[in-house]
$ cat work-v8.cif   # mmCIF, C-alpha atoms and all ligand atoms; chains and numbers go by the auth columns
data_entry
loop_
_atom_site.group_PDB
_atom_site.id
_atom_site.type_symbol
_atom_site.label_atom_id
_atom_site.label_comp_id
_atom_site.label_asym_id
_atom_site.label_seq_id
_atom_site.Cartn_x
_atom_site.Cartn_y
_atom_site.Cartn_z
_atom_site.B_iso_or_equiv
_atom_site.auth_seq_id
_atom_site.auth_asym_id
ATOM 1 C CA MET A 1 -7.764 -45.061 -23.738 0.00 1 T
ATOM 2 C CA VAL A 2 -8.956 -45.122 -20.143 0.00 2 T
ATOM 3 C CA ARG A 3 -11.734 -47.627 -20.811 0.00 3 T
ATOM 4 C CA ARG A 4 -9.633 -49.963 -22.927 0.00 4 T
ATOM 5 C CA HIS A 5 -6.114 -49.771 -21.568 0.00 5 T
ATOM 6 C CA ILE A 6 -6.592 -48.654 -17.986 0.00 6 T
ATOM 7 C CA ARG A 7 -9.888 -49.946 -16.624 0.00 7 T
ATOM 8 C CA GLY A 8 -9.846 -52.867 -19.072 0.00 8 T
ATOM 9 C CA ARG A 9 -6.542 -54.053 -17.586 0.00 9 T
ATOM 10 C CA GLY A 10 -7.637 -54.002 -13.977 0.00 10 T
ATOM 11 C CA ILE A 11 -7.119 -50.483 -12.640 0.00 11 T
ATOM 12 C CA SER A 12 -10.209 -49.817 -10.522 0.00 12 T
ATOM 13 C CA ASP A 13 -9.456 -46.878 -8.193 0.00 13 T
ATOM 14 C CA PRO A 14 -12.033 -44.263 -9.303 0.00 14 T
ATOM 15 C CA ARG A 15 -9.722 -41.343 -8.445 0.00 15 T
ATOM 16 C CA VAL A 16 -6.946 -42.796 -10.612 0.00 16 T
ATOM 17 C CA LEU A 17 -9.380 -43.360 -13.500 0.00 17 T
ATOM 18 C CA GLU A 18 -10.625 -39.778 -13.162 0.00 18 T
ATOM 19 C CA ALA A 19 -7.070 -38.405 -13.150 0.00 19 T
ATOM 20 C CA MET A 20 -6.112 -40.467 -16.213 0.00 20 T
ATOM 21 C CA ALA A 21 -9.201 -39.208 -18.071 0.00 21 T
ATOM 22 C CA ALA A 22 -8.487 -35.591 -17.117 0.00 22 T
ATOM 23 C CA VAL A 23 -4.820 -35.248 -18.113 0.00 23 T
ATOM 24 C CA PRO A 24 -4.317 -34.701 -21.884 0.00 24 T
ATOM 25 C CA ARG A 25 -1.425 -37.034 -22.777 0.00 25 T
ATOM 26 C CA GLU A 26 -0.917 -35.375 -26.168 0.00 26 T
ATOM 27 C CA ALA A 27 0.206 -32.219 -24.361 0.00 27 T
ATOM 28 C CA PHE A 28 3.302 -34.118 -23.140 0.00 28 T
ATOM 29 C CA VAL A 29 4.652 -35.347 -26.472 0.00 29 T
ATOM 30 C CA ALA A 30 5.992 -33.626 -29.605 0.00 30 T
ATOM 31 C CA ALA A 31 3.353 -32.458 -32.100 0.00 31 T
ATOM 32 C CA THR A 32 4.441 -35.164 -34.574 0.00 32 T
ATOM 33 C CA LEU A 33 3.552 -37.891 -32.040 0.00 33 T
ATOM 34 C CA GLU A 34 0.185 -36.519 -30.909 0.00 34 T
ATOM 35 C CA ARG A 35 -1.668 -39.067 -33.069 0.00 35 T
ATOM 36 C CA ARG A 36 -0.068 -41.880 -31.052 0.00 36 T
ATOM 37 C CA ALA A 37 -0.602 -40.291 -27.644 0.00 37 T
ATOM 38 C CA TYR A 38 -3.611 -42.469 -26.774 0.00 38 T
ATOM 39 C CA ALA A 39 -2.187 -45.840 -27.772 0.00 39 T
ATOM 40 C CA ASP A 40 -0.967 -47.812 -24.767 0.00 40 T
ATOM 41 C CA GLY A 41 2.753 -47.646 -25.412 0.00 41 T
ATOM 42 C CA PRO A 42 5.782 -45.615 -24.405 0.00 42 T
ATOM 43 C CA LEU A 43 6.814 -42.763 -26.758 0.00 43 T
ATOM 44 C CA PRO A 44 10.171 -40.985 -27.213 0.00 44 T
ATOM 45 C CA ILE A 45 10.524 -37.593 -25.490 0.00 45 T
ATOM 46 C CA GLY A 46 14.143 -36.761 -26.402 0.00 46 T
ATOM 47 C CA GLU A 47 17.463 -37.353 -24.615 0.00 47 T
ATOM 48 C CA GLY A 48 16.933 -41.096 -25.211 0.00 48 T
ATOM 49 C CA GLN A 49 14.073 -41.167 -22.696 0.00 49 T
ATOM 50 C CA THR A 50 10.417 -42.136 -23.004 0.00 50 T
ATOM 51 C CA ILE A 51 7.057 -41.040 -21.639 0.00 51 T
ATOM 52 C CA SER A 52 5.684 -43.997 -19.673 0.00 52 T
ATOM 53 C CA GLN A 53 2.935 -46.203 -21.010 0.00 53 T
ATOM 54 C CA PRO A 54 -0.442 -44.931 -19.687 0.00 54 T
ATOM 55 C CA TYR A 55 -1.288 -48.261 -18.065 0.00 55 T
ATOM 56 C CA VAL A 56 1.983 -48.226 -16.114 0.00 56 T
ATOM 57 C CA VAL A 57 1.396 -44.636 -14.938 0.00 57 T
ATOM 58 C CA ALA A 58 -2.064 -45.642 -13.679 0.00 58 T
ATOM 59 C CA TRP A 59 -0.740 -48.850 -12.103 0.00 59 T
ATOM 60 C CA MET A 60 1.995 -47.010 -10.197 0.00 60 T
ATOM 61 C CA ALA A 61 -0.405 -44.267 -9.072 0.00 61 T
ATOM 62 C CA GLU A 62 -2.864 -46.862 -7.795 0.00 62 T
ATOM 63 C CA ALA A 63 -0.119 -48.890 -6.105 0.00 63 T
ATOM 64 C CA ALA A 64 1.142 -45.757 -4.337 0.00 64 T
ATOM 65 C CA GLU A 65 -2.361 -45.310 -2.813 0.00 65 T
ATOM 66 C CA VAL A 66 -2.183 -41.545 -3.245 0.00 66 T
ATOM 67 C CA ALA A 67 -4.771 -39.683 -1.128 0.00 67 T
ATOM 68 C CA ALA A 68 -5.989 -36.097 -1.549 0.00 68 T
ATOM 69 C CA ARG A 69 -3.893 -34.686 1.313 0.00 69 T
ATOM 70 C CA ASP A 70 -0.686 -36.541 0.359 0.00 70 T
ATOM 71 C CA ARG A 71 2.683 -35.038 -0.502 0.00 71 T
ATOM 72 C CA VAL A 72 4.314 -37.041 -3.263 0.00 72 T
ATOM 73 C CA LEU A 73 7.885 -37.312 -4.550 0.00 73 T
ATOM 74 C CA GLU A 74 8.448 -38.497 -8.105 0.00 74 T
ATOM 75 C CA VAL A 75 11.912 -39.464 -9.345 0.00 75 T
ATOM 76 C CA GLY A 76 12.202 -39.157 -13.150 0.00 76 T
ATOM 77 C CA THR A 77 9.930 -36.357 -14.369 0.00 77 T
ATOM 78 C CA GLY A 78 10.542 -37.174 -18.036 0.00 78 T
ATOM 79 C CA SER A 79 7.750 -35.481 -19.980 0.00 79 T
ATOM 80 C CA GLY A 80 5.890 -34.462 -16.808 0.00 80 T
ATOM 81 C CA TYR A 81 2.881 -36.642 -17.723 0.00 81 T
ATOM 82 C CA ALA A 82 2.919 -38.905 -14.639 0.00 82 T
ATOM 83 C CA ALA A 83 3.571 -35.851 -12.438 0.00 83 T
ATOM 84 C CA ALA A 84 0.411 -34.217 -13.845 0.00 84 T
ATOM 85 C CA VAL A 85 -1.599 -37.373 -13.092 0.00 85 T
ATOM 86 C CA LEU A 86 -0.157 -37.548 -9.554 0.00 86 T
ATOM 87 C CA GLY A 87 -0.897 -33.835 -9.165 0.00 87 T
ATOM 88 C CA ARG A 88 -4.612 -34.509 -9.626 0.00 88 T
ATOM 89 C CA LEU A 89 -4.514 -37.159 -6.903 0.00 89 T
ATOM 90 C CA ALA A 90 -2.339 -35.441 -4.278 0.00 90 T
ATOM 91 C CA GLU A 91 -1.997 -32.163 -2.468 0.00 91 T
ATOM 92 C CA ALA A 92 1.533 -31.518 -3.708 0.00 92 T
ATOM 93 C CA VAL A 93 3.969 -33.265 -6.047 0.00 93 T
ATOM 94 C CA TYR A 94 7.737 -32.718 -6.064 0.00 94 T
ATOM 95 C CA THR A 95 9.433 -34.245 -9.080 0.00 95 T
ATOM 96 C CA VAL A 96 13.146 -34.504 -9.929 0.00 96 T
ATOM 97 C CA GLU A 97 14.697 -35.028 -13.394 0.00 97 T
ATOM 98 C CA ARG A 98 18.401 -35.529 -14.184 0.00 98 T
ATOM 99 C CA HIS A 99 18.205 -34.137 -17.747 0.00 99 T
ATOM 100 C CA ALA A 100 18.101 -30.326 -17.632 0.00 100 T
ATOM 101 C CA VAL A 101 16.308 -30.028 -20.986 0.00 101 T
ATOM 102 C CA LEU A 102 13.594 -32.475 -19.976 0.00 102 T
ATOM 103 C CA ALA A 103 13.131 -30.827 -16.561 0.00 103 T
ATOM 104 C CA GLU A 104 12.731 -27.434 -18.179 0.00 104 T
ATOM 105 C CA THR A 105 10.343 -28.631 -20.881 0.00 105 T
ATOM 106 C CA ALA A 106 8.215 -30.538 -18.349 0.00 106 T
ATOM 107 C CA ALA A 107 8.049 -27.550 -16.002 0.00 107 T
ATOM 108 C CA GLY A 108 6.861 -25.354 -18.891 0.00 108 T
ATOM 109 C CA ARG A 109 4.152 -27.824 -19.905 0.00 109 T
ATOM 110 C CA LEU A 110 2.917 -28.270 -16.343 0.00 110 T
ATOM 111 C CA ARG A 111 2.735 -24.503 -15.893 0.00 111 T
ATOM 112 C CA LYS A 112 0.793 -24.101 -19.131 0.00 112 T
ATOM 113 C CA LEU A 113 -1.706 -26.767 -18.089 0.00 113 T
ATOM 114 C CA GLY A 114 -2.209 -25.115 -14.701 0.00 114 T
ATOM 115 C CA CYS A 115 -0.707 -27.974 -12.658 0.00 115 T
ATOM 116 C CA ASP A 116 0.188 -25.501 -9.927 0.00 116 T
ATOM 117 C CA ASN A 117 0.741 -28.084 -7.193 0.00 117 T
ATOM 118 C CA VAL A 118 3.592 -29.773 -9.104 0.00 118 T
ATOM 119 C CA GLN A 119 7.178 -28.520 -8.634 0.00 119 T
ATOM 120 C CA VAL A 120 10.025 -29.685 -10.879 0.00 120 T
ATOM 121 C CA ARG A 121 13.711 -29.709 -9.936 0.00 121 T
ATOM 122 C CA HIS A 122 16.724 -30.546 -12.090 0.00 122 T
ATOM 123 C CA GLY A 123 19.051 -32.948 -10.282 0.00 123 T
ATOM 124 C CA ASP A 124 19.723 -36.509 -9.159 0.00 124 T
ATOM 125 C CA GLY A 125 16.486 -37.843 -7.720 0.00 125 T
ATOM 126 C CA SER A 126 18.063 -40.913 -6.132 0.00 126 T
ATOM 127 C CA GLY A 127 18.907 -38.607 -3.208 0.00 127 T
ATOM 128 C CA GLY A 128 15.266 -37.530 -3.023 0.00 128 T
ATOM 129 C CA TRP A 129 14.344 -33.888 -2.297 0.00 129 T
ATOM 130 C CA ARG A 130 15.069 -33.372 1.406 0.00 130 T
ATOM 131 C CA GLU A 131 13.587 -29.901 1.682 0.00 131 T
ATOM 132 C CA HIS A 132 10.021 -31.167 1.242 0.00 132 T
ATOM 133 C CA ALA A 133 10.347 -34.552 3.011 0.00 133 T
ATOM 134 C CA PRO A 134 8.732 -36.602 4.476 0.00 134 T
ATOM 135 C CA TYR A 135 6.531 -37.899 1.668 0.00 135 T
ATOM 136 C CA ASP A 136 3.360 -39.959 1.925 0.00 136 T
ATOM 137 C CA ALA A 137 4.178 -41.567 -1.401 0.00 137 T
ATOM 138 C CA ILE A 138 7.311 -41.863 -3.550 0.00 138 T
ATOM 139 C CA VAL A 139 7.087 -42.990 -7.177 0.00 139 T
ATOM 140 C CA VAL A 140 10.328 -43.851 -8.974 0.00 140 T
ATOM 141 C CA ALA A 141 10.017 -43.902 -12.776 0.00 141 T
ATOM 142 C CA ALA A 142 13.432 -45.462 -13.526 0.00 142 T
ATOM 143 C CA ALA A 143 14.834 -48.878 -12.592 0.00 143 T
ATOM 144 C CA GLY A 144 17.714 -49.534 -10.204 0.00 144 T
ATOM 145 C CA PRO A 145 19.236 -52.571 -8.491 0.00 145 T
ATOM 146 C CA GLY A 146 17.567 -51.625 -5.200 0.00 146 T
ATOM 147 C CA VAL A 147 15.667 -48.865 -3.438 0.00 147 T
ATOM 148 C CA PRO A 148 18.087 -45.992 -2.596 0.00 148 T
ATOM 149 C CA GLY A 149 18.433 -45.497 1.174 0.00 149 T
ATOM 150 C CA ALA A 150 17.832 -41.745 0.903 0.00 150 T
ATOM 151 C CA LEU A 151 14.381 -42.391 -0.560 0.00 151 T
ATOM 152 C CA ARG A 152 13.450 -44.790 2.250 0.00 152 T
ATOM 153 C CA GLU A 153 14.542 -42.166 4.781 0.00 153 T
ATOM 154 C CA GLN A 154 12.270 -39.551 3.209 0.00 154 T
ATOM 155 C CA LEU A 155 9.164 -41.737 3.455 0.00 155 T
ATOM 156 C CA ASN A 156 6.585 -40.873 6.109 0.00 156 T
ATOM 157 C CA THR A 157 5.314 -43.498 8.561 0.00 157 T
ATOM 158 C CA GLY A 158 2.653 -45.417 6.650 0.00 158 T
ATOM 159 C CA GLY A 159 4.097 -44.050 3.397 0.00 159 T
ATOM 160 C CA ARG A 160 4.380 -46.109 0.207 0.00 160 T
ATOM 161 C CA LEU A 161 7.292 -46.224 -2.226 0.00 161 T
ATOM 162 C CA VAL A 162 6.792 -47.749 -5.671 0.00 162 T
ATOM 163 C CA MET A 163 9.826 -48.500 -7.847 0.00 163 T
ATOM 164 C CA PRO A 164 10.979 -50.858 -10.617 0.00 164 T
ATOM 165 C CA VAL A 165 13.862 -52.933 -9.222 0.00 165 T
ATOM 166 C CA GLY A 166 16.210 -54.931 -11.441 0.00 166 T
ATOM 167 C CA GLY A 167 19.080 -54.656 -13.891 0.00 167 T
ATOM 168 C CA ARG A 168 19.195 -52.902 -17.232 0.00 168 T
ATOM 169 C CA TRP A 169 18.778 -56.122 -19.217 0.00 169 T
ATOM 170 C CA ALA A 170 17.487 -58.406 -16.472 0.00 170 T
ATOM 171 C CA THR A 171 13.840 -58.702 -15.512 0.00 171 T
ATOM 172 C CA GLN A 172 12.603 -55.770 -13.518 0.00 172 T
ATOM 173 C CA ARG A 173 9.889 -56.062 -10.883 0.00 173 T
ATOM 174 C CA LEU A 174 7.652 -53.294 -9.693 0.00 174 T
ATOM 175 C CA VAL A 175 7.986 -53.301 -5.893 0.00 175 T
ATOM 176 C CA ARG A 176 6.065 -51.490 -3.197 0.00 176 T
ATOM 177 C CA GLU A 177 7.658 -50.741 0.160 0.00 177 T
ATOM 178 C CA ARG A 178 5.602 -49.465 3.060 0.00 178 T
ATOM 179 C CA ARG A 179 7.116 -47.746 6.085 0.00 179 T
ATOM 180 C CA LEU A 180 5.823 -49.187 9.339 0.00 180 T
ATOM 181 C CA GLY A 181 5.367 -47.286 12.585 0.00 181 T
ATOM 182 C CA ALA A 182 8.154 -49.207 14.299 0.00 182 T
ATOM 183 C CA GLY A 183 10.628 -48.069 11.657 0.00 183 T
ATOM 184 C CA GLY A 184 10.655 -51.233 9.557 0.00 184 T
ATOM 185 C CA PHE A 185 9.455 -51.697 5.993 0.00 185 T
ATOM 186 C CA THR A 186 7.301 -54.248 4.224 0.00 186 T
ATOM 187 C CA CYS A 187 8.110 -55.095 0.621 0.00 187 T
ATOM 188 C CA GLU A 188 5.750 -56.533 -1.988 0.00 188 T
ATOM 189 C CA GLU A 189 6.395 -57.520 -5.599 0.00 189 T
ATOM 190 C CA LEU A 190 3.620 -56.281 -7.861 0.00 190 T
ATOM 191 C CA GLY A 191 4.685 -57.624 -11.266 0.00 191 T
ATOM 192 C CA ALA A 192 7.137 -57.452 -14.174 0.00 192 T
ATOM 193 C CA VAL A 193 7.926 -54.104 -15.811 0.00 193 T
ATOM 194 C CA ARG A 194 10.434 -52.500 -18.179 0.00 194 T
ATOM 195 C CA PHE A 195 11.912 -49.059 -17.377 0.00 195 T
ATOM 196 C CA VAL A 196 14.914 -46.972 -18.386 0.00 196 T
ATOM 197 C CA PRO A 197 17.738 -47.129 -15.808 0.00 197 T
ATOM 198 C CA LEU A 198 18.062 -44.829 -12.803 0.00 198 T
ATOM 199 C CA VAL A 199 21.322 -42.957 -13.429 0.00 199 T
ATOM 200 C CA ASP A 200 22.863 -40.777 -10.753 0.00 200 T
ATOM 201 C CA ASP A 201 24.830 -38.244 -12.828 0.00 201 T
ATOM 202 C CA VAL A 202 23.016 -35.140 -13.983 0.00 202 T
ATOM 203 C CA CYS A 203 23.238 -33.586 -17.448 0.00 203 T
HETATM 204 N N1 LIG B . 7.351 -40.278 -15.529 0.00 301 T
HETATM 205 C C1 LIG B . 7.855 -39.957 -16.854 0.00 301 T
HETATM 206 C C2 LIG B . 8.628 -41.118 -17.438 0.00 301 T
HETATM 207 C C3 LIG B . 10.033 -40.860 -17.380 0.00 301 T
HETATM 208 S S1 LIG B . 11.141 -42.069 -17.951 0.00 301 T
HETATM 209 C C4 LIG B . 6.757 -39.518 -17.782 0.00 301 T
HETATM 210 O O1 LIG B . 5.582 -39.631 -17.422 0.00 301 T
HETATM 211 O O2 LIG B . 7.073 -39.035 -18.871 0.00 301 T
HETATM 212 C C5 LIG B . 12.308 -41.955 -16.631 0.00 301 T
HETATM 213 C C6 LIG B . 12.985 -40.636 -16.424 0.00 301 T
HETATM 214 O O3 LIG B . 13.840 -40.769 -15.297 0.00 301 T
HETATM 215 C C7 LIG B . 13.855 -40.165 -17.574 0.00 301 T
HETATM 216 O O4 LIG B . 13.446 -38.903 -17.993 0.00 301 T
HETATM 217 C C8 LIG B . 15.260 -40.123 -16.965 0.00 301 T
HETATM 218 O O5 LIG B . 16.047 -39.060 -17.472 0.00 301 T
HETATM 219 C C9 LIG B . 14.953 -39.936 -15.498 0.00 301 T
HETATM 220 N N2 LIG B . 15.996 -40.343 -14.536 0.00 301 T
HETATM 221 C C10 LIG B . 16.799 -41.431 -14.579 0.00 301 T
HETATM 222 N N3 LIG B . 17.597 -41.465 -13.484 0.00 301 T
HETATM 223 C C11 LIG B . 17.288 -40.357 -12.737 0.00 301 T
HETATM 224 C C12 LIG B . 17.771 -39.828 -11.503 0.00 301 T
HETATM 225 N N4 LIG B . 18.743 -40.427 -10.814 0.00 301 T
HETATM 226 N N5 LIG B . 17.230 -38.674 -11.042 0.00 301 T
HETATM 227 C C13 LIG B . 16.246 -38.053 -11.746 0.00 301 T
HETATM 228 N N6 LIG B . 15.763 -38.497 -12.911 0.00 301 T
HETATM 229 C C14 LIG B . 16.271 -39.639 -13.413 0.00 301 T
#

$ encode --input "work-v8.cif" --output "structure tokens"
Amino acid sequence: MVRRHIRGRGISDPRVLEAMAAVPREAFVAATLERRAYADGPLPIGEGQTISQPYVVAWMAEAAEVAARDRVLEVGTGSGYAAAVLGRLAEAVYTVERHAVLAETAAGRLRKLGCDNVQVRHGDGSGGWREHAPYDAIVVAAAGPGVPGALREQLNTGGRLVMPVGGRWATQRLVRERRLGAGGFTCEELGAVRFVPLVDDVC
């Protein structure tokens, strides 16, 4: 999977490739889907949500430029797969999921796999997780019309935020914002993507 779908499609950061090779994707899907865990597509994880496509997880991790001492916020834990990958790249990962069942299942899987530097919280991630801010990198795994202000506020100077921006049916673009020393932000468009919507009510 890593050779064909990740490196073969242009991901070159050796730490990201190592993390993708190390995390067993089949551990994050139902037993009946394990056979499909290494194809490069999204898979259902319950509650109408999906585990992200491996290439997209790698792309976002690379775009977020996660370094070994970084503290990372993820919005949209889903299965916990991307959080496990980020956990191999960073010092600490804080991830928020709005579906209680998914948050609980992901936390259990991460514990079982020994991902001890990843903490899961059930709640609305569009407000971030203030207690552990500021973050060196923020990865948002659901699409919204714009970057929520609370997430920008919780980004460290020099920090990177990667998020799909766009409507539910309209084209979504993966964007990267970088917080500058003077307090401003730069914004880059990285390419077209397709994500489930960022929804701010918890269940
Ligand atoms: N990174 C996940 C992919 C998750 S799909 C993985 O590797 O499996 C996006 C997830 O974002 C869904 O689980 C959805 O429930 C969640 N989500 C959507 N809006 C949210 C919000 N406001 N706060 C937290 N989670 C949210």

$ atom_distance --input "work-v8.cif" --atom1 "CA of Tyr81 in chain T" --atom2 "CA of Val16 in chain T"
13.6 Å

$ atom_distance --input "work-v8.cif" --atom1 "CA of Cys115 in chain T" --atom2 "CA of Val202 in chain T"
24.8 Å

$ resolve_selection --input "work-v8.cif" --expression "the PyMOL selection byres (((not hetatm)) within 9 of (chain T and resi 301))" --output "MDAnalysis selection string"
chainID T and resid 28:29 42:43 45:54 57 74:85 95:100 102:103 106 121:128 139:144 195:202

$ residues_around --input "work-v8.cif" --residues "range 165-179 of chain T" --least-positions-apart "2" --cutoff "9 Å" --atoms "only C-alpha atoms" --output "mmCIF file with C-alpha atoms, in the coordinates of the input"
data_model
loop_
_atom_site.group_PDB
_atom_site.id
_atom_site.type_symbol
_atom_site.label_atom_id
_atom_site.label_comp_id
_atom_site.auth_asym_id
_atom_site.auth_seq_id
_atom_site.Cartn_x
_atom_site.Cartn_y
_atom_site.Cartn_z
ATOM 1 C CA MET T 60 1.995 -47.010 -10.197
ATOM 2 C CA ALA T 63 -0.119 -48.890 -6.105
ATOM 3 C CA ALA T 64 1.142 -45.757 -4.337
ATOM 4 C CA ALA T 142 13.432 -45.462 -13.526
ATOM 5 C CA ALA T 143 14.834 -48.878 -12.592
ATOM 6 C CA GLY T 144 17.714 -49.534 -10.204
ATOM 7 C CA PRO T 145 19.236 -52.571 -8.491
ATOM 8 C CA GLY T 146 17.567 -51.625 -5.200
ATOM 9 C CA VAL T 147 15.667 -48.865 -3.438
ATOM 10 C CA ARG T 152 13.450 -44.790 2.250
ATOM 11 C CA LEU T 155 9.164 -41.737 3.455
ATOM 12 C CA ASN T 156 6.585 -40.873 6.109
ATOM 13 C CA THR T 157 5.314 -43.498 8.561
ATOM 14 C CA GLY T 158 2.653 -45.417 6.650
ATOM 15 C CA GLY T 159 4.097 -44.050 3.397
ATOM 16 C CA ARG T 160 4.380 -46.109 0.207
ATOM 17 C CA LEU T 161 7.292 -46.224 -2.226
ATOM 18 C CA VAL T 162 6.792 -47.749 -5.671
ATOM 19 C CA MET T 163 9.826 -48.500 -7.847
ATOM 20 C CA GLY T 181 5.367 -47.286 12.585
ATOM 21 C CA ALA T 182 8.154 -49.207 14.299
ATOM 22 C CA GLY T 183 10.628 -48.069 11.657
ATOM 23 C CA GLY T 184 10.655 -51.233 9.557
ATOM 24 C CA PHE T 185 9.455 -51.697 5.993
ATOM 25 C CA THR T 186 7.301 -54.248 4.224
ATOM 26 C CA CYS T 187 8.110 -55.095 0.621
ATOM 27 C CA GLU T 188 5.750 -56.533 -1.988
ATOM 28 C CA GLU T 189 6.395 -57.520 -5.599
ATOM 29 C CA LEU T 190 3.620 -56.281 -7.861
ATOM 30 C CA GLY T 191 4.685 -57.624 -11.266
ATOM 31 C CA ALA T 192 7.137 -57.452 -14.174
ATOM 32 C CA VAL T 193 7.926 -54.104 -15.811
ATOM 33 C CA ARG T 194 10.434 -52.500 -18.179
ATOM 34 C CA PHE T 195 11.912 -49.059 -17.377
ATOM 35 C CA VAL T 196 14.914 -46.972 -18.386
ATOM 36 C CA PRO T 197 17.738 -47.129 -15.808
#

$ resolve_selection --input "work-v8.cif" --expression "the PyMOL selection byres (((chain T and resi 116) around 12) and not hetatm)" --output "list in words"
Ala83, Ala84, Gly87, Arg88, Ala90, Glu91, Ala92, Val93, Tyr94, Ala107, Gly108, Arg109, Leu110, Arg111, Lys112, Leu113, Gly114, Cys115, Asn117, Val118, Gln119 and Val120 of chain T

$ atom_distance --input "work-v8.cif" --atom1 "CA of Ala137 in chain T" --atom2 "CA of Glu65 in chain T"
7.7 Å

$ residues_near_point --input "work-v8.cif" --point "(-1.9, -44.3, -29.5)" --cutoff "12 Å" --atoms "all atoms listed in the file" --output "list in words"
Met1, Val2, Arg4, His5, Arg25, Glu26, Val29, Leu33, Glu34, Arg35, Arg36, Ala37, Tyr38, Ala39, Asp40, Gly41, Pro42, Leu43, Gln53 and Pro54 of chain T

$ write_last_selection --input "work-v8.cif" --atoms "C-alpha atoms" --output "CSV table (one decimal), in the coordinates of the input"
chain,number,residue,atom,x,y,z
T,1,MET,CA,-7.8,-45.1,-23.7
T,2,VAL,CA,-9.0,-45.1,-20.1
T,4,ARG,CA,-9.6,-50.0,-22.9
T,5,HIS,CA,-6.1,-49.8,-21.6
T,25,ARG,CA,-1.4,-37.0,-22.8
T,26,GLU,CA,-0.9,-35.4,-26.2
T,29,VAL,CA,4.7,-35.3,-26.5
T,33,LEU,CA,3.6,-37.9,-32.0
T,34,GLU,CA,0.2,-36.5,-30.9
T,35,ARG,CA,-1.7,-39.1,-33.1
T,36,ARG,CA,-0.1,-41.9,-31.1
T,37,ALA,CA,-0.6,-40.3,-27.6
T,38,TYR,CA,-3.6,-42.5,-26.8
T,39,ALA,CA,-2.2,-45.8,-27.8
T,40,ASP,CA,-1.0,-47.8,-24.8
T,41,GLY,CA,2.8,-47.6,-25.4
T,42,PRO,CA,5.8,-45.6,-24.4
T,43,LEU,CA,6.8,-42.8,-26.8
T,53,GLN,CA,2.9,-46.2,-21.0
T,54,PRO,CA,-0.4,-44.9,-19.7

$ resolve_selection --input "work-v8.cif" --expression "the PyMOL selection byres (((chain T and resi 134) around 7) and not hetatm)" --output "ChimeraX atom specification"
/T:132-133,135-136,154-156

$ axis_aligned_box --input "work-v8.cif" --around "range 166-179 of chain T" --padding-each-side "3 Å" --output "AutoDock Vina command-line options"
--center_x 12.4 --center_y -53.2 --center_z -6.6 --size_x 19.6 --size_y 17.0 --size_z 31.3

$ closest_residue --input "work-v8.cif" --among "T:Leu17, T:Ala58, T:Cys203, T:Leu73" --to "Glu131 in chain T" --atoms "all atoms listed in the file"
T:Leu73

$ closest_residue --input "work-v8.cif" --among "T:Val56, T:Val72, T:Met20, T:Ala31" --to "Pro164 in chain T" --atoms "only C-alpha atoms"
T:Val56

$ decode --input "work-v8.cif" --residues "range 114-126 of chain T" --atoms "N, CA and C atoms" --output "mmCIF file, in the first residue's frame"
data_model
loop_
_atom_site.group_PDB
_atom_site.id
_atom_site.type_symbol
_atom_site.label_atom_id
_atom_site.label_comp_id
_atom_site.auth_asym_id
_atom_site.auth_seq_id
_atom_site.Cartn_x
_atom_site.Cartn_y
_atom_site.Cartn_z
ATOM 1 N N GLY T 114 -1.205 0.584 21.844
ATOM 2 C CA GLY T 114 -0.106 1.225 22.558
ATOM 3 C C GLY T 114 0.205 2.635 22.080
ATOM 4 N N CYS T 115 -0.775 3.305 21.479
ATOM 5 C CA CYS T 115 -0.571 4.695 21.028
ATOM 6 C C CYS T 115 -0.775 5.609 22.243
ATOM 7 N N ASP T 116 0.166 5.575 23.151
ATOM 8 C CA ASP T 116 -0.017 6.235 24.448
ATOM 9 C C ASP T 116 0.084 7.755 24.395
ATOM 10 N N ASN T 117 0.588 8.299 23.310
ATOM 11 C CA ASN T 117 0.687 9.759 23.207
ATOM 12 C C ASN T 117 -0.513 10.378 22.480
ATOM 13 N N VAL T 118 -1.570 9.579 22.279
ATOM 14 C CA VAL T 118 -2.776 10.094 21.616
ATOM 15 C C VAL T 118 -3.926 10.121 22.635
ATOM 16 N N GLN T 119 -4.537 11.292 22.809
ATOM 17 C CA GLN T 119 -5.692 11.422 23.709
ATOM 18 C C GLN T 119 -6.940 11.752 22.915
ATOM 19 N N VAL T 120 -8.029 11.060 23.197
ATOM 20 C CA VAL T 120 -9.290 11.265 22.472
ATOM 21 C C VAL T 120 -10.306 11.941 23.386
ATOM 22 N N ARG T 121 -11.041 12.914 22.839
ATOM 23 C CA ARG T 121 -12.114 13.553 23.599
ATOM 24 C C ARG T 121 -13.390 13.539 22.768
ATOM 25 N N HIS T 122 -14.528 13.315 23.423
ATOM 26 C CA HIS T 122 -15.806 13.401 22.729
ATOM 27 C C HIS T 122 -16.299 14.840 22.817
ATOM 28 N N GLY T 123 -16.586 15.462 21.690
ATOM 29 C CA GLY T 123 -17.097 16.829 21.711
ATOM 30 C C GLY T 123 -17.027 17.459 20.338
ATOM 31 N N ASP T 124 -17.340 18.748 20.287
ATOM 32 C CA ASP T 124 -17.277 19.508 19.031
ATOM 33 C C ASP T 124 -15.866 20.047 18.847
ATOM 34 N N GLY T 125 -15.177 19.515 17.864
ATOM 35 C CA GLY T 125 -13.784 19.902 17.626
ATOM 36 C C GLY T 125 -13.621 21.237 16.934
ATOM 37 N N SER T 126 -14.720 21.841 16.439
ATOM 38 C CA SER T 126 -14.533 23.124 15.757
ATOM 39 C C SER T 126 -14.148 24.217 16.754
#
